[in-house]
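So the structure is just underneath, and the comments pick up after that.
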Amino acid sequence: MEVWLRKTEKLSLVGQLAAGVAHEIRNPLTSIKGFMQLVKSTKECKDFYIDIILSELERTESIIYEFLSLAKPNEIKHMEKTNITEILVKVIQLLEAQAHLQGVTINTSFQEDYVIQCNKNEMKQVFLNLIQNAIEACHSNGCIQIQLKEKDLNHIIIQIQDDGCGIPRERLHKLGEPFYSTKEKGTGLGLLVTYKIIEGHKGKVNFTSEVGKGTTVEIVLPKRIYTLVGS
């Protein structure tokens with residue numbers, strides 16, 4: 001009976017992990033499928049479409065890599081000087097259609113363009129996970145405020161604030177645990193990956209929330225480099 005129970009538990013965990021992988025990969029594949037259908041119906045393939053498709057394929061590859069790395073100890077990843085503001089803007093553009101369909105408005109406030117040392121694909125994944133969570137938490141006519149600013153001389157802060165359903169205080173400390181999610185069909189793996197990426201960048205993720213009033217996520221990252229000249 002003990003052996004059977006252990007096998008059953010392992011199968012359950014494998015099933016949840018498979019569901020998490022499918023959930024994360026489905027989003028970029030949906031974008032790729034949508035643009036390919038657009039190309040087919042309009043009989044034209046604009047450079048913009050190709051850029052989005054290639055970008056989403058890179059994102060899919062990055063997601064698979066991240067899930068594989070969950071089982072491995074932290075290792076040195078490819079870091080480069082990256083315009084973090086540019087990544088954030090591109091992610092917002094990618095999710096604006098989904099937000100519009102749900103009647104959600106995304107407002108932004110960026111002090112300036114910041115260049116930091118990071119892995120751009122991983123940071124894109126973080127922003128996608130968190131902004132998408134914010135969109136899904138909002139009701140119709142909801143609003144999301146996204147800010148990027150300097151925290152101090154050595155750090156920047158990205159703040160994503162929604163006016164959605166909020167998270168009970170007793171559940172906040174469980175965010176980022178595998179297979180724990182506030183969503184009915186969530187797996188919690190998206191936030192687990194988010195925490196792991198930010199930890200790998202020597203940063204921090206902080207959640208504050210109030211039921212019925214919304215949630216605020218703050219990502220603090222070391223600046224390491226400098227702001228762009230003339231921005």
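Naming works like this for the structure tokens: A, B, ... for the chains as they're shown, residue 1 at the start of each chain, ligands 1 onward in shown order.
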
Using only C-alpha atoms, determine which residues lie at most 9 Å from Phe127 in chain A, disregarding the query and same-chain residues fewer than 5 positions distant; provide the list as a ChimeraX atom specification.
/A:87-88,91-92,122,132,194

Prev. selection, N, CA and C atoms, output as a compact mmCIF listing (two decimals), in the first residue's frame:
```txt
# COMPACT_ATOMS: atom_id res chain seq x y z
N ILE A 87 12.36 46.01 -23.12
CA ILE A 87 11.75 44.70 -22.93
C ILE A 87 10.35 44.85 -22.35
N LEU A 88 10.23 45.70 -21.34
CA LEU A 88 8.93 45.92 -20.69
C LEU A 88 7.91 46.47 -21.67
N VAL A 91 6.73 43.68 -24.06
CA VAL A 91 5.83 42.73 -23.39
C VAL A 91 4.44 43.34 -23.25
N ILE A 92 4.37 44.61 -22.89
CA ILE A 92 3.08 45.28 -22.76
C ILE A 92 2.36 45.31 -24.11
N GLU A 122 14.91 35.76 -20.10
CA GLU A 122 14.37 35.44 -18.79
C GLU A 122 13.57 36.61 -18.22
N GLN A 132 0.48 39.22 -17.09
CA GLN A 132 -0.66 38.36 -17.44
C GLN A 132 -1.47 38.00 -16.20
N THR A 194 9.37 32.65 -12.04
CA THR A 194 9.63 34.08 -11.85
C THR A 194 10.56 34.32 -10.67
```

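When the distance limit is 10 Å and only C-alpha atoms are what count, the residues near Val89 in chain A, minus those fewer than 5 positions from it on the same chain, are A:Ile84, A:Leu94, A:Thr108, A:Phe110, A:Phe127.
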
Pick the closest to Gln102 in chain A from A:Asn141, A:Thr215, A:Thr82, A:Gln125: which is it, counting only C-alpha atoms?
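Nearest candidate to Gln102 in chain A out of A:Asn141, A:Thr215, A:Thr82, A:Gln125: A:Asn141.
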
Distance criterion (only C-alpha atoms): nearest to Asp162 in chain A out of A:Thr216, A:Ser31, A:Ser109, A:Asn129:
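So, comparing all the options, the nearest one is A:Thr216.
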
From a DSSP pass on the backbone, collect the residues of range 27-225 of chain A flagged as strand (DSSP E) and hand them back as number ranges by chain.
A: 80-83, 105-110, 114-118, 143-152, 155-162, 204-210, 214-222

Residues as selected, C-alpha atoms, written as a short mmCIF file (atom, residue, chain, number, x, y, z; two decimals), in the first residue's frame, can you do that?
```cif
data_model
loop_
_atom_site.label_atom_id
_atom_site.label_comp_id
_atom_site.auth_asym_id
_atom_site.auth_seq_id
_atom_site.Cartn_x
_atom_site.Cartn_y
_atom_site.Cartn_z
CA GLU A 80 24.40 41.10 -21.27
CA LYS A 81 23.77 44.84 -21.24
CA THR A 82 20.05 45.09 -21.93
CA ASN A 83 17.57 47.94 -22.16
CA THR A 105 -6.47 49.30 -19.35
CA ILE A 106 -2.69 49.28 -18.96
CA ASN A 107 -1.08 52.59 -17.95
CA THR A 108 2.69 53.08 -17.78
CA SER A 109 5.08 55.47 -16.09
CA PHE A 110 8.77 55.08 -16.96
CA TYR A 114 17.63 51.79 -18.06
CA VAL A 115 20.38 49.46 -19.20
CA ILE A 116 21.19 46.68 -16.75
CA GLN A 117 23.08 43.41 -16.82
CA CYS A 118 20.55 40.60 -17.31
CA CYS A 143 -6.76 49.08 -14.62
CA ILE A 144 -3.10 48.09 -14.33
CA GLN A 145 -0.40 50.61 -13.46
CA ILE A 146 3.19 49.73 -14.43
CA GLN A 147 6.09 51.85 -13.21
CA LEU A 148 9.81 51.64 -13.82
CA LYS A 149 11.97 53.92 -11.73
CA GLU A 150 15.21 54.24 -9.84
CA LYS A 151 15.05 52.90 -6.27
CA ASP A 152 18.48 54.16 -5.29
CA HIS A 155 18.91 49.50 -7.93
CA ILE A 156 15.85 49.94 -10.15
CA ILE A 157 12.31 48.94 -9.27
CA ILE A 158 9.52 47.66 -11.53
CA GLN A 159 6.07 47.96 -9.98
CA ILE A 160 2.98 46.23 -11.40
CA GLN A 161 -0.24 47.24 -9.65
CA ASP A 162 -3.74 46.00 -10.47
CA LYS A 204 13.88 40.47 -5.04
CA VAL A 205 10.15 40.04 -5.65
CA ASN A 206 7.68 41.49 -3.14
CA PHE A 207 3.88 41.07 -3.14
CA THR A 208 1.38 43.22 -1.24
CA SER A 209 -2.35 42.71 -1.64
CA GLU A 210 -5.77 43.46 -0.22
CA GLY A 214 -5.92 44.61 -5.87
CA THR A 215 -2.33 43.44 -5.79
CA THR A 216 1.03 45.17 -6.18
CA VAL A 217 4.17 43.33 -7.27
CA GLU A 218 7.55 45.00 -6.89
CA ILE A 219 10.67 43.67 -8.59
CA VAL A 220 13.93 45.15 -7.33
CA LEU A 221 16.98 44.58 -9.56
CA PRO A 222 20.59 45.71 -9.22
#
```
